[in-house]
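**Student:** entry_26.cif is reproduced below (mmCIF, C-alpha atoms and all ligand atoms).
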```
data_coords
loop_
_atom_site.label_atom_id
_atom_site.label_comp_id
_atom_site.auth_asym_id
_atom_site.auth_seq_id
_atom_site.Cartn_x
_atom_site.Cartn_y
_atom_site.Cartn_z
CA MET A 150 184.13 98.99 203.62
CA VAL A 151 181.05 100.75 202.28
CA GLN A 152 177.99 100.14 204.38
CA ALA A 153 174.34 100.34 203.38
CA VAL A 154 171.41 100.19 205.76
CA ILE A 155 168.21 98.84 204.21
CA LEU A 156 165.05 99.83 206.04
CA ALA A 157 163.24 96.55 205.56
CA GLY A 158 160.70 96.64 208.39
CA GLY A 159 157.65 97.59 206.33
CA LYS A 160 154.56 95.41 206.33
CA GLY A 161 153.41 96.36 202.84
CA THR A 162 149.67 96.61 203.49
CA ARG A 163 149.11 98.38 200.14
CA LEU A 164 150.96 95.60 198.32
CA ALA A 165 149.13 92.77 200.13
CA SER A 166 147.60 91.44 196.90
CA ARG A 167 151.11 90.77 195.49
CA LEU A 168 152.82 89.45 198.59
CA ASN A 169 151.27 85.98 199.12
CA GLY A 170 152.01 86.31 202.82
CA LYS A 171 155.62 87.47 202.31
CA PRO A 172 156.95 90.68 203.87
CA LYS A 173 157.23 93.69 201.53
CA PRO A 174 161.03 93.50 200.91
CA LEU A 175 160.53 90.04 199.40
CA VAL A 176 157.88 91.10 196.87
CA ASP A 177 158.46 89.58 193.44
CA VAL A 178 159.69 92.16 190.91
CA ASP A 179 159.71 90.61 187.45
CA GLY A 180 160.79 87.23 188.79
CA VAL A 181 163.31 88.40 191.39
CA PRO A 182 162.59 89.37 195.03
CA LEU A 183 163.02 93.12 195.51
CA LEU A 184 165.52 92.64 198.35
CA LYS A 185 167.75 90.55 196.09
CA ARG A 186 167.61 93.24 193.40
CA GLN A 187 168.56 95.84 196.01
CA ILE A 188 171.47 93.88 197.47
CA ASP A 189 172.80 92.85 194.04
CA ASN A 190 172.68 96.47 192.89
CA LEU A 191 174.37 97.78 196.04
CA MET A 192 177.15 95.19 195.66
CA ALA A 193 177.59 96.08 191.98
CA ASN A 194 178.06 99.69 193.07
CA GLY A 195 180.74 99.20 195.68
CA VAL A 196 178.76 98.32 198.83
CA ASP A 197 180.21 95.37 200.72
CA ASP A 198 178.53 95.56 204.13
CA ILE A 199 174.75 95.49 204.45
CA VAL A 200 172.66 96.04 207.56
CA LEU A 201 169.02 95.06 207.27
CA LEU A 202 166.70 96.70 209.78
CA VAL A 203 163.84 94.24 210.01
CA ASN A 204 160.66 94.10 211.98
CA HIS A 205 157.58 92.60 210.37
CA ALA A 206 158.07 88.90 209.42
CA ALA A 207 161.75 89.11 210.35
CA ASN A 208 162.08 85.33 210.36
CA GLN A 209 161.15 85.10 206.66
CA ILE A 210 163.76 87.72 205.73
CA GLU A 211 166.36 85.94 207.84
CA ALA A 212 165.62 82.63 206.08
CA PHE A 213 165.85 84.34 202.69
CA ILE A 214 169.25 85.87 203.47
CA ALA A 215 170.57 82.52 204.74
CA GLU A 216 169.38 80.77 201.57
CA GLN A 217 170.83 83.40 199.19
CA ASN A 218 174.32 83.39 200.69
CA PHE A 219 175.24 86.85 199.29
CA ALA A 220 178.93 87.59 198.63
CA CYS A 221 178.98 90.43 201.18
CA ALA A 222 178.41 90.83 204.90
CA VAL A 223 174.69 90.98 205.73
CA THR A 224 173.63 91.71 209.30
CA LEU A 225 170.01 91.58 210.43
CA ILE A 226 168.88 93.84 213.26
CA ASP A 227 165.36 93.36 214.54
CA ASP A 228 164.49 96.77 215.98
CA GLY A 229 161.50 95.55 218.01
CA ASP A 230 158.76 98.16 217.73
CA PRO A 231 158.13 100.16 214.55
CA ARG A 232 159.90 103.50 215.05
CA GLY A 233 159.78 105.11 211.63
CA THR A 234 162.73 105.29 209.24
CA ALA A 235 164.89 107.68 211.26
CA GLY A 236 163.90 106.19 214.63
CA ALA A 237 164.92 102.73 213.43
CA ALA A 238 168.32 103.89 212.17
CA LEU A 239 169.02 106.00 215.26
CA ALA A 240 168.15 103.08 217.56
CA CYS A 241 171.01 101.00 216.14
CA LEU A 242 173.47 103.81 215.45
CA ASP A 243 176.19 102.29 217.63
CA ARG A 244 176.30 99.29 215.29
CA LEU A 245 176.77 101.38 212.13
CA GLN A 246 179.97 102.60 210.45
CA ASP A 247 181.16 106.23 210.48
CA ARG A 248 179.50 106.78 207.12
CA PHE A 249 176.64 104.77 205.64
CA VAL A 250 174.11 104.72 202.84
CA VAL A 251 170.39 104.54 203.69
CA VAL A 252 168.05 102.68 201.35
CA TYR A 253 164.31 102.15 201.77
CA GLY A 254 163.05 98.59 201.49
CA ASP A 255 160.35 99.42 198.96
CA THR A 256 162.45 101.13 196.26
CA LEU A 257 163.71 99.72 192.99
CA PHE A 258 166.93 101.51 192.05
CA ASP A 259 170.06 101.35 189.94
CA VAL A 260 172.31 104.08 191.31
CA ASP A 261 176.07 104.62 191.13
CA ILE A 262 176.56 104.65 194.91
CA THR A 263 180.35 105.03 194.66
CA HIS A 264 179.97 108.29 192.73
CA MET A 265 177.36 109.61 195.14
CA ILE A 266 179.66 108.88 198.10
CA ASP A 267 182.54 110.65 196.28
CA ILE A 268 180.41 113.76 195.82
CA HIS A 269 179.33 113.55 199.46
CA ILE A 270 182.92 113.37 200.70
CA LYS A 271 184.19 116.16 198.43
CA SER A 272 181.41 118.53 199.51
CA GLY A 273 181.96 118.11 203.24
CA ALA A 274 178.22 117.55 203.69
CA HIS A 275 176.84 115.84 206.81
CA GLY A 276 174.19 114.19 204.70
CA THR A 277 173.59 113.87 200.95
CA LEU A 278 170.09 113.19 199.63
CA LEU A 279 169.38 111.88 196.14
CA LEU A 280 166.86 114.26 194.56
CA HIS A 281 165.06 113.97 191.25
CA PRO A 282 162.24 115.61 189.36
CA ASN A 283 159.02 113.60 189.00
CA ASP A 284 155.88 113.87 186.87
CA HIS A 285 153.63 115.02 189.73
CA PRO A 286 155.51 117.67 191.75
CA HIS A 287 152.29 119.48 192.72
CA ASP A 288 151.36 116.62 195.10
CA SER A 289 154.88 115.64 196.18
CA ASP A 290 157.04 116.78 199.09
CA LEU A 291 159.64 119.07 197.54
CA VAL A 292 163.18 120.03 198.51
CA GLU A 293 164.68 123.44 197.88
CA ILE A 294 168.41 123.77 197.12
CA SER A 295 170.82 126.65 196.60
CA GLU A 296 172.79 127.28 193.39
CA GLU A 297 175.65 125.34 195.01
CA GLY A 298 173.41 122.37 195.83
CA TRP A 299 172.91 122.88 199.58
CA ILE A 300 169.45 122.05 200.85
CA THR A 301 167.78 125.18 202.17
CA ALA A 302 164.24 123.99 202.90
CA PHE A 303 161.86 121.04 202.90
CA HIS A 304 158.33 121.75 201.67
CA SER A 305 155.64 119.22 202.51
CA TYR A 306 152.62 118.73 200.32
CA PRO A 307 150.16 120.53 200.07
CA HIS A 308 152.01 123.57 198.69
CA ASN A 309 150.88 127.17 198.93
CA PRO A 310 149.09 128.14 195.74
CA GLY A 311 151.01 130.84 193.88
CA TRP A 312 154.32 129.70 195.41
CA TYR A 313 156.65 128.30 192.81
CA LEU A 314 159.03 125.52 193.78
CA ARG A 315 161.53 123.63 191.67
CA ASN A 316 160.59 120.08 190.79
CA LEU A 317 162.99 118.33 193.18
CA VAL A 318 161.72 115.35 195.12
CA ASN A 319 163.49 113.37 197.83
CA ALA A 320 164.00 109.94 196.25
CA ALA A 321 164.76 108.20 199.59
CA LEU A 322 168.44 107.33 199.17
CA TYR A 323 170.93 109.01 201.48
CA VAL A 324 174.61 109.08 202.39
CA ILE A 325 175.02 110.10 206.04
CA ASP A 326 177.93 110.74 208.39
CA LYS A 327 177.21 109.03 211.71
CA LYS A 328 178.79 111.80 213.80
CA CYS A 329 176.07 114.25 212.83
CA LEU A 330 173.35 111.87 214.08
CA THR A 331 174.66 111.04 217.56
CA GLY A 332 173.00 114.08 219.10
CA TRP A 333 169.60 112.97 217.80
CA VAL A 334 169.35 109.46 219.23
CA ASP A 335 167.36 110.50 222.31
CA ARG A 336 165.55 113.38 220.61
CA ILE A 337 163.84 111.35 217.86
CA PRO A 338 162.92 107.95 219.31
CA VAL A 339 160.18 107.65 216.67
CA GLY A 340 160.18 109.55 213.37
CA ASP A 341 161.00 109.68 209.68
CA PHE A 342 164.11 110.95 207.94
CA ALA A 343 162.23 113.10 205.44
CA LYS A 344 159.49 114.49 207.65
CA ASP A 345 161.20 114.76 211.04
CA LEU A 346 164.96 114.27 211.24
CA PHE A 347 166.28 116.14 208.16
CA PRO A 348 164.10 119.25 208.66
CA ALA A 349 165.13 119.36 212.34
CA MET A 350 168.81 118.94 211.45
CA LEU A 351 168.52 121.75 208.92
CA THR A 352 167.13 124.19 211.47
CA GLU A 353 170.17 123.43 213.65
CA GLY A 354 172.62 124.18 210.85
CA ALA A 355 173.43 120.70 209.49
CA LEU A 356 174.97 120.71 205.99
CA LEU A 357 172.61 118.69 203.83
CA GLN A 358 173.39 118.43 200.16
CA GLY A 359 171.05 117.72 197.27
CA TYR A 360 172.44 115.18 194.79
CA VAL A 361 170.30 115.66 191.69
CA SER A 362 170.32 112.53 189.56
CA PHE A 363 168.47 111.04 186.59
CA GLU A 364 169.35 107.50 187.69
CA TYR A 365 166.46 105.13 188.23
CA ILE A 366 164.92 105.02 191.69
CA LYS A 367 161.23 104.50 192.30
CA ASP A 368 159.00 103.48 195.13
CA VAL A 369 157.23 100.22 194.23
CA GLY A 370 154.99 100.14 197.28
CA THR A 371 151.65 99.83 195.44
CA PRO A 372 150.50 97.38 192.73
CA THR A 373 150.28 100.20 190.13
CA ARG A 374 153.81 101.43 190.84
CA LEU A 375 155.12 97.88 190.87
CA ASP A 376 153.58 97.13 187.46
CA LYS A 377 155.07 100.31 186.04
CA ALA A 378 158.55 99.52 187.40
CA GLU A 379 158.37 95.97 186.02
CA GLY A 380 157.60 97.46 182.61
CA HIS A 381 160.65 99.72 182.96
CA LEU A 382 162.87 96.75 183.84
CA ARG A 383 161.67 94.71 180.88
CA ARG A 384 162.07 97.56 178.40
CA GLY A 385 165.58 98.40 179.62
CA VAL A 386 164.62 101.82 180.98
CA VAL A 387 166.24 101.10 184.36
CA GLU A 388 169.53 99.99 182.82
CA ARG A 389 169.69 102.82 180.27
CA ALA A 390 169.35 105.42 183.05
CA ARG A 391 172.67 104.35 184.57
CA ARG A 392 175.04 107.27 185.07
CA ARG A 393 177.81 105.48 183.18
CA TYR A 394 175.55 104.81 180.20
CA PRO A 395 175.80 107.62 177.60
CA GLN A 396 172.57 109.62 177.61
CA LYS A 397 170.79 111.12 174.63
CA ALA A 398 169.62 114.67 175.23
CA VAL A 399 167.44 117.39 173.79
CA PHE A 400 168.79 120.86 174.53
CA LEU A 401 166.02 123.41 174.63
CA ASP A 402 166.24 127.15 174.37
CA ARG A 403 163.91 128.90 176.82
CA ASP A 404 162.42 132.24 175.65
CA GLY A 405 160.64 131.89 172.32
CA THR A 406 160.87 128.09 172.41
CA LEU A 407 159.31 126.94 175.69
CA ASN A 408 157.67 130.23 176.61
CA GLN A 409 156.49 133.31 174.76
CA LEU A 410 159.16 135.75 173.68
CA THR A 411 158.31 138.97 175.44
CA ASP A 412 160.58 141.96 175.93
CA TYR A 413 162.53 140.17 178.68
CA VAL A 414 161.58 137.81 181.47
CA ARG A 415 162.52 139.68 184.65
CA LYS A 416 160.10 138.08 187.14
CA PRO A 417 157.97 134.91 187.31
CA ASP A 418 154.86 136.73 185.99
CA ASP A 419 156.73 137.53 182.75
CA LEU A 420 157.18 133.85 181.93
CA VAL A 421 154.22 132.52 179.93
CA LEU A 422 154.66 128.93 178.83
CA PHE A 423 153.43 127.97 175.35
CA GLU A 424 150.25 125.97 175.73
CA ASP A 425 151.65 122.77 174.22
CA ALA A 426 155.14 123.00 175.77
CA GLY A 427 154.39 120.76 178.77
CA ALA A 428 152.96 117.96 176.64
CA ALA A 429 155.91 118.23 174.24
CA VAL A 430 158.52 117.98 177.02
CA HIS A 431 156.57 115.09 178.54
CA ARG A 432 156.96 113.14 175.29
CA LEU A 433 160.72 113.71 175.40
CA ASN A 434 160.79 112.48 179.02
CA ASP A 435 158.88 109.35 178.00
CA ALA A 436 161.31 108.76 175.14
CA GLU A 437 164.15 108.77 177.72
CA TYR A 438 165.79 111.98 176.48
CA ARG A 439 167.56 114.09 179.08
CA VAL A 440 165.88 117.46 178.65
CA VAL A 441 168.30 120.33 179.28
CA VAL A 442 167.46 124.01 179.02
CA VAL A 443 170.32 126.23 177.77
CA THR A 444 169.44 129.91 177.87
CA ASN A 445 171.19 133.27 177.53
CA GLN A 446 169.94 135.51 180.32
CA PRO A 447 171.59 138.92 179.91
CA VAL A 448 168.95 140.32 182.31
CA LEU A 449 171.44 139.37 185.06
CA ALA A 450 174.29 141.39 183.53
CA ARG A 451 171.92 144.32 183.01
CA GLY A 452 170.96 144.17 186.70
CA GLU A 453 167.27 143.67 185.89
CA CYS A 454 167.04 140.33 187.66
CA ASP A 455 169.34 138.64 190.21
CA VAL A 456 170.21 134.98 190.74
CA ALA A 457 167.44 134.53 193.32
CA GLY A 458 164.93 136.12 190.94
CA LEU A 459 166.03 133.84 188.12
CA ALA A 460 165.65 130.85 190.47
CA GLN A 461 162.02 131.91 191.06
CA ILE A 462 161.42 132.20 187.31
CA HIS A 463 162.84 128.71 186.79
CA ALA A 464 160.79 127.37 189.69
CA LYS A 465 157.68 128.64 187.86
CA LEU A 466 158.89 127.03 184.63
CA GLU A 467 159.45 123.66 186.33
CA SER A 468 156.22 123.92 188.27
CA GLU A 469 154.08 124.60 185.18
CA LEU A 470 155.83 121.89 183.18
CA GLY A 471 155.14 119.61 186.16
CA ASP A 472 151.42 120.35 185.87
CA ALA A 473 151.64 118.64 182.46
CA GLY A 474 153.60 115.70 183.89
CA ALA A 475 156.82 117.01 182.31
CA PHE A 476 160.22 117.76 183.81
CA LEU A 477 163.65 119.16 183.00
CA ASP A 478 166.83 117.29 183.89
CA ALA A 479 168.89 120.47 184.15
CA ILE A 480 168.88 124.20 183.42
CA TYR A 481 172.05 126.03 182.33
CA TYR A 482 172.07 129.78 181.88
CA CYS A 483 174.57 132.39 180.77
CA PRO A 484 174.30 135.52 182.98
CA HIS A 485 176.71 137.55 180.85
CA HIS A 486 176.46 140.21 178.19
CA PRO A 487 179.38 141.67 176.22
CA HIS A 488 178.33 145.32 175.73
CA LYS A 489 179.16 147.72 178.54
CA GLY A 490 177.89 151.17 179.38
CA TYR A 491 174.29 150.83 180.56
CA ALA A 492 172.74 152.19 183.76
CA GLY A 493 172.27 149.58 186.49
CA GLU A 494 174.51 146.97 184.86
CA VAL A 495 176.58 144.48 186.86
CA PRO A 496 180.18 145.18 185.71
CA GLU A 497 181.59 141.71 186.50
CA LEU A 498 178.96 140.10 184.25
CA LYS A 499 179.64 142.43 181.35
CA ILE A 500 182.24 140.23 179.72
CA ASP A 501 182.88 138.20 176.60
CA CYS A 502 182.28 134.71 177.92
CA ALA A 503 182.40 131.18 176.61
CA CYS A 504 178.88 130.31 177.75
CA ARG A 505 176.75 132.83 175.87
CA LYS A 506 175.20 131.04 172.88
CA PRO A 507 176.47 130.39 170.25
CA GLY A 508 179.32 129.67 172.69
CA MET A 509 179.58 126.03 173.63
CA LEU A 510 180.33 126.08 177.35
CA MET A 511 176.81 125.29 178.58
CA ILE A 512 176.65 122.26 176.28
CA GLU A 513 180.09 121.12 177.42
CA GLN A 514 179.10 121.44 181.07
CA ALA A 515 175.94 119.42 180.49
CA VAL A 516 177.86 116.74 178.56
CA THR A 517 180.20 116.29 181.53
CA ALA A 518 177.55 116.45 184.25
CA LEU A 519 175.00 114.18 182.56
CA ASN A 520 177.30 111.98 180.43
CA ILE A 521 175.54 113.10 177.26
CA ASP A 522 176.12 111.37 173.94
CA LEU A 523 176.12 114.26 171.46
CA ALA A 524 175.79 111.90 168.48
CA ARG A 525 172.19 111.14 169.54
CA SER A 526 171.35 114.63 170.83
CA TRP A 527 169.42 117.60 169.49
CA MET A 528 169.06 121.34 169.92
CA VAL A 529 165.71 123.09 169.57
CA GLY A 530 165.62 126.88 169.51
CA ASP A 531 164.12 129.94 167.88
CA SER A 532 167.25 132.06 167.30
CA THR A 533 170.26 131.80 165.01
CA ALA A 534 172.49 131.61 168.12
CA ASP A 535 170.78 128.32 169.06
CA ILE A 536 171.26 126.84 165.60
CA ALA A 537 174.84 128.13 165.28
CA MET A 538 175.70 126.55 168.63
CA ALA A 539 174.21 123.23 167.52
CA GLY A 540 176.37 123.42 164.40
CA LYS A 541 179.52 123.91 166.48
CA ALA A 542 178.54 121.08 168.82
CA GLY A 543 177.85 118.80 165.87
CA ILE A 544 174.33 118.00 167.01
CA ARG A 545 171.18 118.07 164.92
CA SER A 546 169.02 121.14 165.23
CA VAL A 547 165.41 122.14 164.85
CA LEU A 548 164.58 125.80 164.36
CA VAL A 549 161.12 126.64 165.71
CA ARG A 550 159.18 129.39 164.00
CA THR A 551 157.85 130.68 167.34
CA GLY A 552 159.67 133.57 169.09
CA GLU A 553 162.44 134.95 166.86
CA GLY A 554 161.74 132.19 164.37
CA GLY A 555 165.29 132.54 163.08
CA ARG A 556 164.62 136.07 161.84
CA ASP A 557 167.21 137.71 164.14
CA GLY A 558 169.92 137.10 161.51
CA LYS A 559 172.77 137.47 164.03
CA TRP A 560 174.69 134.29 163.17
CA PRO A 561 175.11 132.17 160.09
CA ALA A 562 172.82 129.24 160.83
CA ALA A 563 171.51 126.32 158.82
CA PRO A 564 169.07 124.22 160.84
CA ASP A 565 168.62 120.53 159.98
CA PHE A 566 164.84 120.95 160.36
CA THR A 567 162.31 123.69 160.94
CA ALA A 568 159.08 123.29 162.89
CA GLY A 569 156.04 125.41 163.67
CA SER A 570 156.29 124.80 167.40
CA LEU A 571 158.08 122.79 170.07
CA ALA A 572 155.43 120.08 169.68
CA GLU A 573 156.27 119.75 165.98
CA ALA A 574 159.98 119.76 166.79
CA VAL A 575 159.39 116.81 169.12
CA ASP A 576 157.53 114.99 166.30
CA ILE A 577 160.62 115.47 164.12
CA ILE A 578 163.03 114.29 166.83
CA LEU A 579 161.02 111.18 167.65
CA ALA A 580 160.74 110.32 163.94
CA ASN A 581 164.50 110.70 163.37
CA GLN A 582 166.08 109.07 166.39
CA GLN A 583 169.65 107.88 165.98
CA SER A 584 170.46 104.27 166.73
CA ALA A 585 172.04 103.32 170.03
CA GLY A 586 173.57 100.20 168.53
CA THR A 587 177.17 100.85 169.56
CA LEU A 588 176.46 102.07 173.08
CA ALA A 589 177.19 98.87 174.92
CA ILE A 590 180.75 99.11 173.60
CA SER A 591 181.29 102.75 174.52
CA GLU A 592 179.93 102.07 177.99
CA THR A 593 182.59 99.41 178.49
CA ILE A 594 185.31 101.76 177.29
CA GLN A 595 184.22 104.54 179.66
CA GLN A 596 184.35 102.25 182.67
ZN ZN B 1 178.23 133.63 179.71
#
```
As structure tokens - that is how I would like this structure written.
**Tutor:**
Amino acid sequence: MVQAVILAGGKGTRLASRLNGKPKPLVDVDGVPLLKRQIDNLMANGVDDIVLLVNHAANQIEAFIAEQNFACAVTLIDDGDPRGTAGAALACLDRLQDRFVVVYGDTLFDVDITHMIDIHIKSGAHGTLLLHPNDHPHDSDLVEISEEGWITAFHSYPHNPGWYLRNLVNAALYVIDKKCLTGWVDRIPVGDFAKDLFPAMLTEGALLQGYVSFEYIKDVGTPTRLDKAEGHLRRGVVERARRRYPQKAVFLDRDGTLNQLTDYVRKPDDLVLFEDAGAAVHRLNDAEYRVVVVTNQPVLARGECDVAGLAQIHAKLESELGDAGAFLDAIYYCPHHPHKGYAGEVPELKIDCACRKPGMLMIEQAVTALNIDLARSWMVGDSTADIAMAGKAGIRSVLVRTGEGGRDGKWPAAPDFTAGSLAEAVDIILANQQSAGTLAISETIQQ
């Protein structure tokens, strides 16, 4: 049995104009009550036992559940007083299974829960939190993770100016092992998961994992957000962001394509984004491309920058893109360099590797991790290595005349298009999009 707990106690004051006296979980979302969308989606993704923590207008939710007669177990627990999200779950912990999924009653989502639980179990985490980038990280609560995906810190808005954080936001969907919560029942009688319980658990050594996903999950707790989500449903955005649905991607080189090509980028100050880069990436986000940076960073092999330093540089990149409402779905980098014999170098990184462009390994890793459909994907870069890699991968390429502008001459490279800037490259991509006509079939085959 896979159990999900839906926190359905909210009153929905901000949504009052859309509720017609109903409690928030029953708000109409393009003709279907939100709670029905949530339960149907959970069932479609392997959940067969649902616990609804209710409070406000509990009788209306109870009547709705009775009338719907869902094909899974649904238990209502009225938790009495409002206790916050964590307080409510902790108060009924003895009625929950050893492992459960937590869902908030005001989110519209389409998430492969079975896969998320698999990742949770394999990692040995106590709790796994779905994280995603959004288009306004500067006023969001952000989560910091290690290279291996472990959560290392929670940063509440407002953020310190001059501090760069990756664009990773807690999307409010968790997998939790009950045993790691038992010690907290008396300590957090009232409180939230995100603001109180998880940060406290982290300080006491709990293993919390970040599960970074592009799948659709959005809070629909205000009329504006609800309208936007309804538009996404109608246009198929929600469905197309399913993990099993092949994703189209634009692979972007970093130095010389997104940011100015200087000697080398060794620290955050060295990274200067091109003025129009944020707006260009934002247009790719809107067009539902997965945007994936693939970059050779031999500064690591040369010992001029370490992994933590590179993380800071990428936090600046994501932060400045975020200021333009843009985000990256993933960043892959090659830390290697083949030529030995320099002072300060890191010997174990001085190797001939498969990831250094024009090697294909970074693309292959992204294809596996994000289920990328190469037939509809693109590479944009300023060097012959970028274009040569695109040729090997069989994806269309745009050479930008910024940075190296293809003048490095290191590899035989014939781009499909050339552009004056990333913005022009995006014009070309959006004007030459490949059809997705056969995707429904390939999705069926993959399942
Ligand atoms: Zn490499």
**Student:** Identify, on the basis of all atoms listed in the file, every residue whose closest approach to Phe363 (chain A) does not exceed 8 Å; exclude the query and any residue fewer than 2 positions from it along the same chain; express the result as number ranges by chain.
**Tutor:** A: 281, 361, 365, 390, 392, 478
**Student:** Of the candidates A:Thr224, A:Thr406, A:Asn445, A:Asn434, which one gets nearest to Gly555 (chain A) if we count all atoms listed in the file?
**Tutor:** A:Thr406
**Student:** Collect all residues with atoms no farther than 8 Å from ligand ZN 1 (chain B), counting all atoms listed in the file, and output them as a list in words.
**Tutor:**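 So the residues close to ligand ZN 1 (chain B) are Asn445, Tyr482, Cys483, Pro484, His485, His486, Leu498, Ile500, Asp501, Cys502, Ala503, Cys504, Arg505 and Lys506 of chain A.
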**Student:** Quick one: residues within 9 Å of Lys397 (chain A), all atoms listed in the file counted, chain neighbours fewer than 2 positions away excluded, as a list in words?
**Tutor:**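 Listed by chain and then number, they are Pro395, Val399, Glu437, Tyr438, Arg439, Val440, Asn520, Ile521, Asp522, Leu523, Ala524, Arg525, Ser526 and Trp527 of chain A.
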**Student:** Could you write out the selected residues, including C-alpha atoms, as a PDB file, in the frame of the given file?
**Tutor:**
```pdb
ATOM      1  CA  PRO A 395     175.800 107.620 177.600  1.00  0.00           C
ATOM      2  CA  VAL A 399     167.440 117.390 173.790  1.00  0.00           C
ATOM      3  CA  GLU A 437     164.150 108.770 177.720  1.00  0.00           C
ATOM      4  CA  TYR A 438     165.790 111.980 176.480  1.00  0.00           C
ATOM      5  CA  ARG A 439     167.560 114.090 179.080  1.00  0.00           C
ATOM      6  CA  VAL A 440     165.880 117.460 178.650  1.00  0.00           C
ATOM      7  CA  ASN A 520     177.300 111.980 180.430  1.00  0.00           C
ATOM      8  CA  ILE A 521     175.540 113.100 177.260  1.00  0.00           C
ATOM      9  CA  ASP A 522     176.120 111.370 173.940  1.00  0.00           C
ATOM     10  CA  LEU A 523     176.120 114.260 171.460  1.00  0.00           C
ATOM     11  CA  ALA A 524     175.790 111.900 168.480  1.00  0.00           C
ATOM     12  CA  ARG A 525     172.190 111.140 169.540  1.00  0.00           C
ATOM     13  CA  SER A 526     171.350 114.630 170.830  1.00  0.00           C
ATOM     14  CA  TRP A 527     169.420 117.600 169.490  1.00  0.00           C
TER      15      TRP A 527
END
```
**Student:** Counting all atoms listed in the file, which residue out of A:Val421, A:Ile512, A:Ala274, A:Val223 sits closest to Lys185 (chain A)?
**Tutor:** A:Val223
**Student:** Near Gln187 (chain A), within 9 Å and counting only C-alpha atoms, which residues show up once chain neighbours fewer than 2 positions away are dropped, as a list of chain:residue names?
**Tutor:**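 In the requested format, the answer is A:Ile155, A:Pro182, A:Leu183, A:Leu184, A:Lys185, A:Asp189, A:Asn190, A:Leu191, A:Met192, A:Val252, A:Gly254, A:Thr256, A:Leu257, A:Phe258, A:Asp259.
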**Student:** In Å, with one decimal, what is the gap from CA of Ile300 (chain A) to CA of Leu351 (chain A)?
**Tutor:** 8.1 Å
**Student:** For Glu469 (chain A), list every protein, DNA or RNA residue within 10 Å, evaluated using all atoms listed in the file, and leave out those in the same chain fewer than 4 positions away; present the list as an MDAnalysis selection string.
**Tutor:** chainID A and resid 286:287 313:316 421:422 426:427 463:465 473:476
**Student:** Which one is closest to Ala237 (chain A): A:Phe342, A:Tyr306, A:Trp560, A:Trp299? Count only C-alpha atoms.
**Tutor:**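 Between A:Phe342, A:Tyr306, A:Trp560, A:Trp299, the residue approaching Ala237 (chain A) most closely is A:Phe342.
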**Student:** Quote the spacing between CA of Leu449 (chain A) and CA of Lys559 (chain A) in Å to one decimal place.
**Tutor:** 21.2 Å
**Student:** So which residues touch region 156-166 of chain A within 10 Å, counting all atoms listed in the file, skipping near sequence neighbours fewer than 3 positions away, as number ranges by chain?
**Tutor:** A: 153, 169-176, 184, 200-207, 210, 225-235, 237-238, 251-255, 369-375
**Student:** Provide the CA of Gly354 (chain A) to CA of His304 (chain A) distance in Å, to one decimal place.
**Tutor:**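 It comes out at 17.2 Å.
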**Student:** Please rebuild region 278-285 of chain A with N, CA, C and O atoms and give the result as a compact mmCIF listing (two decimals), keeping the file's coordinate frame.
**Tutor:**
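Below is the file that was written, selection-v6.txt:
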```
# COMPACT_ATOMS: atom_id res chain seq x y z
N LEU A 278 171.39 113.80 199.97
CA LEU A 278 170.09 113.19 199.63
C LEU A 278 169.95 113.14 198.12
O LEU A 278 170.13 114.17 197.44
N LEU A 279 169.62 111.97 197.58
CA LEU A 279 169.38 111.88 196.14
C LEU A 279 168.03 112.54 195.84
O LEU A 279 167.01 112.18 196.41
N LEU A 280 168.07 113.54 194.95
CA LEU A 280 166.86 114.26 194.56
C LEU A 280 166.63 114.05 193.07
O LEU A 280 167.58 113.92 192.31
N HIS A 281 165.37 114.01 192.68
CA HIS A 281 165.06 113.97 191.25
C HIS A 281 163.73 114.63 190.97
O HIS A 281 162.89 114.74 191.86
N PRO A 282 163.55 115.09 189.71
CA PRO A 282 162.24 115.61 189.36
C PRO A 282 161.29 114.44 189.15
O PRO A 282 161.73 113.34 188.81
N ASN A 283 159.98 114.64 189.36
CA ASN A 283 159.02 113.60 189.00
C ASN A 283 157.90 114.22 188.17
O ASN A 283 157.92 115.42 187.87
N ASP A 284 156.93 113.37 187.76
CA ASP A 284 155.88 113.87 186.87
C ASP A 284 154.64 114.34 187.63
O ASP A 284 153.60 114.56 187.03
N HIS A 285 154.75 114.48 188.96
CA HIS A 285 153.63 115.02 189.73
C HIS A 285 154.12 115.84 190.92
O HIS A 285 153.76 115.57 192.08
```
